[in-house]
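Visitor: First the structure, which I've put down as structure tokens, then a few questions once you've had a look.
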Amino acid sequence: MERTLGFFILFLVSVSYAENLCCSYPCQNGGVCLTKGFKDYECDCTSTDFYGRNCETPTFSKRIKLWLKPSPLTLHNLLIGNNWLWDIINNIPFLRGFIMKKVYTMRSDMIDSPPTYESEHPYITLDANYNVSFYTRTLPPVPVECPTPMGVAGKKILPDLDVLTKKLFIREKFKPEPIGTSALFSFFAQHFTHQFFKTDIKRGPQYQWGGHGVDMTHVYGKNKHDENLLRSFKDGKLKVQTVNGEDWPPLSKDAQVEMQYIMPVPEDSKFALGHSFFGNLPGLFMYASIWMREHNRVCDVMKKEHPEWDDERLYQTGKLILLGETIKIVIEDYVQHLSNYNFKLLFDPSLLFGEPFQYQNRIALEFNHLYHWHPLMPDDFNIGGTNYTIKDFLVNSNLVIKHGMATFVDSLSKQNAGAFTIKNHGKYTVNVVKELIKHGRTLRLQPLNNYRKRFNLKPFKSFEELTGNKWLAKELENFYGDIEAVEFYVGLITEKRRPKAVFGEAIVEMGGPYSVKGLMANPICSPKYWKPSTFGGNVGFEIVNTATIEKLFCQNIKEDCPVVSFKVPGFVEGPEKPVDEHGEL
């Protein structure tokens, strides 16, 4: 009797799986699938410019727009070539501003605002907007009742994580980044993004505890309590200690903010930093130190300009100036390097004034997942002629003090970061990628092809089209069985690299909109904020508008300025190397 009842329940469950027709993602072009009973569905095509049973037919005006719109690859090739054309455009302010405005609007328009989904429900809820402890979702989770983890495609069980990791992720030989990206860049990426990627693991990978944007908490502390511990309360400045003639962050005993170390640390190596994790890697400690110095330098400039200001106003204005500097550096140095475009990107919030732009942002779960760039971390570091393994490097902030800021920055600028590709996760980051993929499964992220369609990219039709490599295509087919079932992060890291680019197409076309929206939706970019008075007058506004990564370091190093570069000097990109039958370049 019990056995019969068990088979009956199993039958009912399997029937319910088959009858949720939305599991096959029938609605195209942004249409929303809604079940109608157990045997039918409908697609809501509202505001998509498409119609039909599955929102598959474009309106006449949309058809014209699609016909005129160049493909992402065409645009990429245009932007990385034609040097003569871009030399002209870059030197004509009107044209440069016009193109940059299009970049702002086209990228930002791809991000839902207000947010639409969260991880608890595969449909719109009020929590998606009001519960800011959630990461938002660009696509809803795969319904729990679907026949396969990815909907209807692929195998009923996802690949074993240990087997998948061993086959595709573990580094056997270091692969340098192909366009010459430096280690200084990779640490900038890590330090910058840690201010808004703050997963609340204790509650679950769908939760976060940050402010959903560029808020400088990685410099000033996660809350008012930590801010006050890091402040000197004199002339607006932060606490420092001086060692070997240079200013460094104070020790924890002098500013008792809570720090999180991955292994035991001697008391004289425990530093009080804005972000609790930054003491674990010297590269992060370097950035924490240089921003601390920049804040105090800016406060000196502001005090000279405004001797009437008290400590509080100097401090608050310093924060605003550093925030502006950060966004300027991110767009014009960091994203410029990432894109490798000949068009010079421009940070100018006034380009959006008068446009229907919403100055609000929520960090998306998918943005967090695609930003796991751990393969960029080398196995060892040559600092001033001394080689340190990654083991020597971990939880050793004193290395920066030992060699000095100039030598440390110079060394990272001249060292290659790793390539974002298969078999290039170091042994200390393999567990991170395993946890990431596990979180993606827990949160039922849709397959990569669904995200490609969401960001106006053509879905891959085969594993070889995804990878550009027969060996890797075969491995992925063995793991997933169907191209429509490839997991989000696995698909991103196995996608073939774009010509003269750091990443493949998908990670750029998805990451770009998230980045532009997050940066330009910052309150300082709004019409009420973006004016000289916000930054203490023309002097402070000038600091923001002339900021560069080189100036950030050079203005805060007493000796001769070192090499400060996101690209290894003199690096020349060679021909594309194919991946062999063992997954090696």
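Within each chain, counting starts at residue 1; across the structure tokens, chains are named A, B, ... in the order shown, with ligands numbered 1 upward in that order.
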Using only C-alpha atoms, find each residue of stretch 152-267 of chain A with at least one atom at most 10 Å away from an atom of stretch 430-446 of chain A; report its shortest atom-to-atom pair and that distance in Å (one decimal), sort the rows by chain and rising residue number, and return the result as CSV.
Guide:
```
residue,atom,partner,partner_atom,distance
A:Leu158,CA,A:Arg441,CA,8.7
A:Leu161,CA,A:Lys434,CA,6.6
A:Asp162,CA,A:Lys434,CA,7.9
A:Leu164,CA,A:Lys434,CA,9.0
A:Thr165,CA,A:Lys434,CA,7.0
A:Lys166,CA,A:Val430,CA,9.2
A:Phe169,CA,A:Val430,CA,7.1
A:Ile170,CA,A:Val430,CA,6.5
A:Arg171,CA,A:Val430,CA,8.8
A:Gly204,CA,A:His439,CA,8.8
A:Pro205,CA,A:His439,CA,6.2
A:Gln206,CA,A:Leu443,CA,7.0
```
Visitor: Could the residues in this selection be written to a file with N, CA and C atoms, as a PDB file, in the first residue's frame?
Guide:
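Okay, this is what ended up in again.pdb:
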```pdb
ATOM      1  N   LEU A 158      22.689  18.244 -12.222  1.00  0.00           N
ATOM      2  CA  LEU A 158      23.807  19.066 -12.667  1.00  0.00           C
ATOM      3  C   LEU A 158      25.134  18.375 -12.371  1.00  0.00           C
ATOM      4  N   LEU A 161      30.215  18.943  -8.579  1.00  0.00           N
ATOM      5  CA  LEU A 161      31.053  20.133  -8.455  1.00  0.00           C
ATOM      6  C   LEU A 161      32.536  19.807  -8.406  1.00  0.00           C
ATOM      7  N   ASP A 162      32.902  18.739  -7.713  1.00  0.00           N
ATOM      8  CA  ASP A 162      34.316  18.380  -7.614  1.00  0.00           C
ATOM      9  C   ASP A 162      34.877  17.982  -8.976  1.00  0.00           C
ATOM     10  N   LEU A 164      33.584  18.813 -11.949  1.00  0.00           N
ATOM     11  CA  LEU A 164      33.549  20.000 -12.802  1.00  0.00           C
ATOM     12  C   LEU A 164      34.741  20.911 -12.514  1.00  0.00           C
ATOM     13  N   THR A 165      35.015  21.125 -11.244  1.00  0.00           N
ATOM     14  CA  THR A 165      36.111  22.007 -10.836  1.00  0.00           C
ATOM     15  C   THR A 165      37.455  21.452 -11.286  1.00  0.00           C
ATOM     16  N   LYS A 166      37.656  20.170 -11.071  1.00  0.00           N
ATOM     17  CA  LYS A 166      38.927  19.549 -11.450  1.00  0.00           C
ATOM     18  C   LYS A 166      39.153  19.618 -12.947  1.00  0.00           C
ATOM     19  N   PHE A 169      38.496  24.153 -13.884  1.00  0.00           N
ATOM     20  CA  PHE A 169      38.889  25.355 -13.161  1.00  0.00           C
ATOM     21  C   PHE A 169      40.291  25.331 -12.555  1.00  0.00           C
ATOM     22  N   ILE A 170      40.752  24.202 -12.071  1.00  0.00           N
ATOM     23  CA  ILE A 170      42.021  24.168 -11.346  1.00  0.00           C
ATOM     24  C   ILE A 170      43.193  24.510 -12.263  1.00  0.00           C
ATOM     25  N   ARG A 171      43.998  25.458 -11.834  1.00  0.00           N
ATOM     26  CA  ARG A 171      45.171  25.897 -12.601  1.00  0.00           C
ATOM     27  C   ARG A 171      46.275  24.846 -12.531  1.00  0.00           C
ATOM     28  N   GLY A 204      21.944  33.753   3.739  1.00  0.00           N
ATOM     29  CA  GLY A 204      21.790  33.034   2.483  1.00  0.00           C
ATOM     30  C   GLY A 204      22.365  33.835   1.336  1.00  0.00           C
ATOM     31  N   PRO A 205      22.745  33.185   0.241  1.00  0.00           N
ATOM     32  CA  PRO A 205      23.425  33.879  -0.861  1.00  0.00           C
ATOM     33  C   PRO A 205      22.536  34.859  -1.619  1.00  0.00           C
ATOM     34  N   GLN A 206      21.240  34.876  -1.327  1.00  0.00           N
ATOM     35  CA  GLN A 206      20.349  35.857  -1.967  1.00  0.00           C
ATOM     36  C   GLN A 206      20.322  37.181  -1.210  1.00  0.00           C
TER      37      GLN A 206
END
```
Visitor: Tell me, which residues of stretch 319-543 of chain A carry DSSP strand (DSSP E), written as a PyMOL selection string?
Guide: chain A and resi 380-383+386-389
Visitor: Could you take the residues named above and write them with N, CA and C atoms, as a PDB file, in the first residue's frame?
Guide:
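See part_34.pdb below for the written result:
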```
ATOM      1  N   ASP A 380      52.331  33.951  -7.913  1.00  0.00           N
ATOM      2  CA  ASP A 380      53.379  34.595  -7.115  1.00  0.00           C
ATOM      3  C   ASP A 380      53.541  36.045  -7.557  1.00  0.00           C
ATOM      4  N   PHE A 381      54.270  36.808  -6.760  1.00  0.00           N
ATOM      5  CA  PHE A 381      54.447  38.235  -7.001  1.00  0.00           C
ATOM      6  C   PHE A 381      55.918  38.601  -6.849  1.00  0.00           C
ATOM      7  N   ASN A 382      56.415  39.356  -7.817  1.00  0.00           N
ATOM      8  CA  ASN A 382      57.781  39.865  -7.728  1.00  0.00           C
ATOM      9  C   ASN A 382      57.703  41.319  -7.277  1.00  0.00           C
ATOM     10  N   ILE A 383      58.083  41.561  -6.045  1.00  0.00           N
ATOM     11  CA  ILE A 383      58.023  42.908  -5.477  1.00  0.00           C
ATOM     12  C   ILE A 383      59.436  43.415  -5.253  1.00  0.00           C
ATOM     13  N   THR A 386      62.128  40.763  -5.234  1.00  0.00           N
ATOM     14  CA  THR A 386      61.936  39.614  -4.336  1.00  0.00           C
ATOM     15  C   THR A 386      60.661  38.882  -4.729  1.00  0.00           C
ATOM     16  N   ASN A 387      60.756  37.574  -4.882  1.00  0.00           N
ATOM     17  CA  ASN A 387      59.597  36.781  -5.287  1.00  0.00           C
ATOM     18  C   ASN A 387      58.849  36.258  -4.068  1.00  0.00           C
ATOM     19  N   TYR A 388      57.534  36.431  -4.084  1.00  0.00           N
ATOM     20  CA  TYR A 388      56.679  35.926  -3.016  1.00  0.00           C
ATOM     21  C   TYR A 388      55.613  35.013  -3.622  1.00  0.00           C
ATOM     22  N   THR A 389      55.490  33.832  -3.070  1.00  0.00           N
ATOM     23  CA  THR A 389      54.402  32.963  -3.509  1.00  0.00           C
ATOM     24  C   THR A 389      53.093  33.523  -2.967  1.00  0.00           C
TER      25      THR A 389
END
```
Visitor: Excluding A:Cys146 and residues on its chain fewer than 3 positions from it, collect all residues at most 8 Å away from it, counting only C-alpha atoms, and give them as a ChimeraX atom specification.
Guide: /A:17-18,20,23,142-143,149-152
Visitor: Would you output that residue set with N, CA and C atoms, as a PDB file, in the first residue's frame?
Guide:
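Okay, result.pdb is ready:
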```
ATOM      1  N   TYR A  17       5.318  18.689 -13.113  1.00  0.00           N
ATOM      2  CA  TYR A  17       6.505  19.177 -13.792  1.00  0.00           C
ATOM      3  C   TYR A  17       6.187  19.460 -15.250  1.00  0.00           C
ATOM      4  N   ALA A  18       5.592  18.449 -15.895  1.00  0.00           N
ATOM      5  CA  ALA A  18       5.352  18.545 -17.332  1.00  0.00           C
ATOM      6  C   ALA A  18       4.345  19.634 -17.666  1.00  0.00           C
ATOM      7  N   ASN A  20       3.866  22.634 -16.150  1.00  0.00           N
ATOM      8  CA  ASN A  20       4.270  24.033 -16.016  1.00  0.00           C
ATOM      9  C   ASN A  20       4.975  24.430 -17.310  1.00  0.00           C
ATOM     10  N   CYS A  23       8.286  26.477 -17.849  1.00  0.00           N
ATOM     11  CA  CYS A  23       9.625  25.917 -17.643  1.00  0.00           C
ATOM     12  C   CYS A  23      10.438  25.886 -18.930  1.00  0.00           C
ATOM     13  N   VAL A 142      14.645  29.854 -11.824  1.00  0.00           N
ATOM     14  CA  VAL A 142      13.974  28.736 -12.490  1.00  0.00           C
ATOM     15  C   VAL A 142      12.907  28.192 -11.538  1.00  0.00           C
ATOM     16  N   PRO A 143      11.662  28.026 -11.987  1.00  0.00           N
ATOM     17  CA  PRO A 143      10.621  27.485 -11.098  1.00  0.00           C
ATOM     18  C   PRO A 143      11.031  26.140 -10.504  1.00  0.00           C
ATOM     19  N   PRO A 149      17.071  21.086 -13.691  1.00  0.00           N
ATOM     20  CA  PRO A 149      17.513  22.279 -12.956  1.00  0.00           C
ATOM     21  C   PRO A 149      17.531  23.548 -13.787  1.00  0.00           C
ATOM     22  N   MET A 150      17.639  23.411 -15.113  1.00  0.00           N
ATOM     23  CA  MET A 150      17.689  24.577 -15.990  1.00  0.00           C
ATOM     24  C   MET A 150      16.365  24.843 -16.696  1.00  0.00           C
ATOM     25  N   GLY A 151      15.322  24.129 -16.341  1.00  0.00           N
ATOM     26  CA  GLY A 151      14.010  24.309 -16.961  1.00  0.00           C
ATOM     27  C   GLY A 151      13.506  23.011 -17.537  1.00  0.00           C
ATOM     28  N   VAL A 152      13.693  22.827 -18.853  1.00  0.00           N
ATOM     29  CA  VAL A 152      13.335  21.559 -19.490  1.00  0.00           C
ATOM     30  C   VAL A 152      14.528  20.962 -20.223  1.00  0.00           C
TER      31      VAL A 152
END
```
Visitor: Measuring between only C-alpha atoms, which one of A:Asn416, A:Thr217, A:Asn556, A:Gln358 shows the shortest distance to A:Pro523?
Guide: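 Under the stated criterion, the closest residue is A:Gln358.
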Visitor: For stretch 263-275 of chain A, find every residue with an atom within 7 Å (counting only C-alpha atoms), except residues of its own chain fewer than 2 positions away, and show them as a PyMOL selection string.
Guide: chain A and resi 217-222+249-252+255-257+261+277-279+288+397-398
Visitor: Determine, counting only C-alpha atoms, which protein, DNA and RNA residues have an atom within 7 Å of an atom of stretch 483-495 of chain A; residues of the same chain fewer than 5 positions away are not included. Present the result as a ChimeraX atom specification.
Guide: /A:150,153-154,369-370,420-422,437,445-449,461-463,466-467,504,506-507
Visitor: Keeping only N, CA and C atoms, take the residues you just selected and write them out as an mmCIF file, in the first residue's frame.
Guide:
```cif
data_model
loop_
_atom_site.group_PDB
_atom_site.id
_atom_site.type_symbol
_atom_site.label_atom_id
_atom_site.label_comp_id
_atom_site.auth_asym_id
_atom_site.auth_seq_id
_atom_site.Cartn_x
_atom_site.Cartn_y
_atom_site.Cartn_z
ATOM 1 N N MET A 150 17.639 23.411 -15.113
ATOM 2 C CA MET A 150 17.689 24.577 -15.990
ATOM 3 C C MET A 150 16.365 24.843 -16.696
ATOM 4 N N ALA A 153 15.576 21.763 -20.447
ATOM 5 C CA ALA A 153 16.736 21.294 -21.206
ATOM 6 C C ALA A 153 17.780 20.673 -20.291
ATOM 7 N N GLY A 154 18.600 19.823 -20.879
ATOM 8 C CA GLY A 154 19.728 19.271 -20.157
ATOM 9 C C GLY A 154 19.394 18.093 -19.278
ATOM 10 N N HIS A 369 27.803 37.597 -9.455
ATOM 11 C CA HIS A 369 28.354 36.325 -9.911
ATOM 12 C C HIS A 369 29.323 36.511 -11.080
ATOM 13 N N LEU A 370 28.984 37.372 -12.025
ATOM 14 C CA LEU A 370 29.863 37.510 -13.196
ATOM 15 C C LEU A 370 31.161 38.231 -12.856
ATOM 16 N N PHE A 420 41.201 35.384 -17.702
ATOM 17 C CA PHE A 420 39.888 34.885 -17.284
ATOM 18 C C PHE A 420 39.493 33.774 -18.250
ATOM 19 N N THR A 421 39.909 32.577 -17.903
ATOM 20 C CA THR A 421 39.671 31.442 -18.787
ATOM 21 C C THR A 421 39.664 30.159 -17.975
ATOM 22 N N ILE A 422 39.465 29.050 -18.648
ATOM 23 C CA ILE A 422 39.407 27.762 -17.957
ATOM 24 C C ILE A 422 40.789 27.381 -17.424
ATOM 25 N N ILE A 437 29.369 28.575 -7.750
ATOM 26 C CA ILE A 437 28.505 27.740 -8.587
ATOM 27 C C ILE A 437 27.424 27.081 -7.732
ATOM 28 N N LEU A 445 19.732 30.057 -10.772
ATOM 29 C CA LEU A 445 20.008 30.963 -11.877
ATOM 30 C C LEU A 445 19.653 30.295 -13.202
ATOM 31 N N GLN A 446 19.043 31.039 -14.092
ATOM 32 C CA GLN A 446 18.715 30.510 -15.403
ATOM 33 C C GLN A 446 19.994 30.270 -16.215
ATOM 34 N N PRO A 447 19.905 29.467 -17.267
ATOM 35 C CA PRO A 447 21.102 29.147 -18.056
ATOM 36 C C PRO A 447 21.647 30.369 -18.800
ATOM 37 N N LEU A 448 22.904 30.281 -19.207
ATOM 38 C CA LEU A 448 23.582 31.397 -19.857
ATOM 39 C C LEU A 448 22.818 31.913 -21.070
ATOM 40 N N ASN A 449 22.302 31.029 -21.907
ATOM 41 C CA ASN A 449 21.620 31.478 -23.125
ATOM 42 C C ASN A 449 20.435 32.390 -22.827
ATOM 43 N N LYS A 461 24.069 28.226 -30.354
ATOM 44 C CA LYS A 461 23.365 27.060 -30.881
ATOM 45 C C LYS A 461 24.116 25.761 -30.647
ATOM 46 N N SER A 462 25.376 25.868 -30.285
ATOM 47 C CA SER A 462 26.168 24.658 -30.045
ATOM 48 C C SER A 462 27.263 24.951 -29.032
ATOM 49 N N PHE A 463 27.817 23.904 -28.455
ATOM 50 C CA PHE A 463 28.906 24.052 -27.490
ATOM 51 C C PHE A 463 30.158 24.607 -28.175
ATOM 52 N N LEU A 466 29.935 28.311 -28.538
ATOM 53 C CA LEU A 466 30.210 28.951 -27.247
ATOM 54 C C LEU A 466 31.709 29.047 -26.984
ATOM 55 N N THR A 467 32.408 27.954 -27.155
ATOM 56 C CA THR A 467 33.800 27.862 -26.721
ATOM 57 C C THR A 467 34.819 28.169 -27.813
ATOM 58 N N GLY A 504 35.002 37.402 -22.781
ATOM 59 C CA GLY A 504 34.130 37.048 -23.877
ATOM 60 C C GLY A 504 33.013 38.062 -24.020
ATOM 61 N N ALA A 506 29.641 37.867 -23.644
ATOM 62 C CA ALA A 506 28.537 37.935 -22.684
ATOM 63 C C ALA A 506 28.898 38.725 -21.434
ATOM 64 N N ILE A 507 30.070 38.501 -20.895
ATOM 65 C CA ILE A 507 30.430 39.154 -19.635
ATOM 66 C C ILE A 507 30.547 40.665 -19.815
#
```
Visitor: Restricting the calculation to only C-alpha atoms, which member of A:Cys554, A:Met377, A:Met216, A:Ile329 is positioned closest to A:Gln195?
Guide: A:Met216
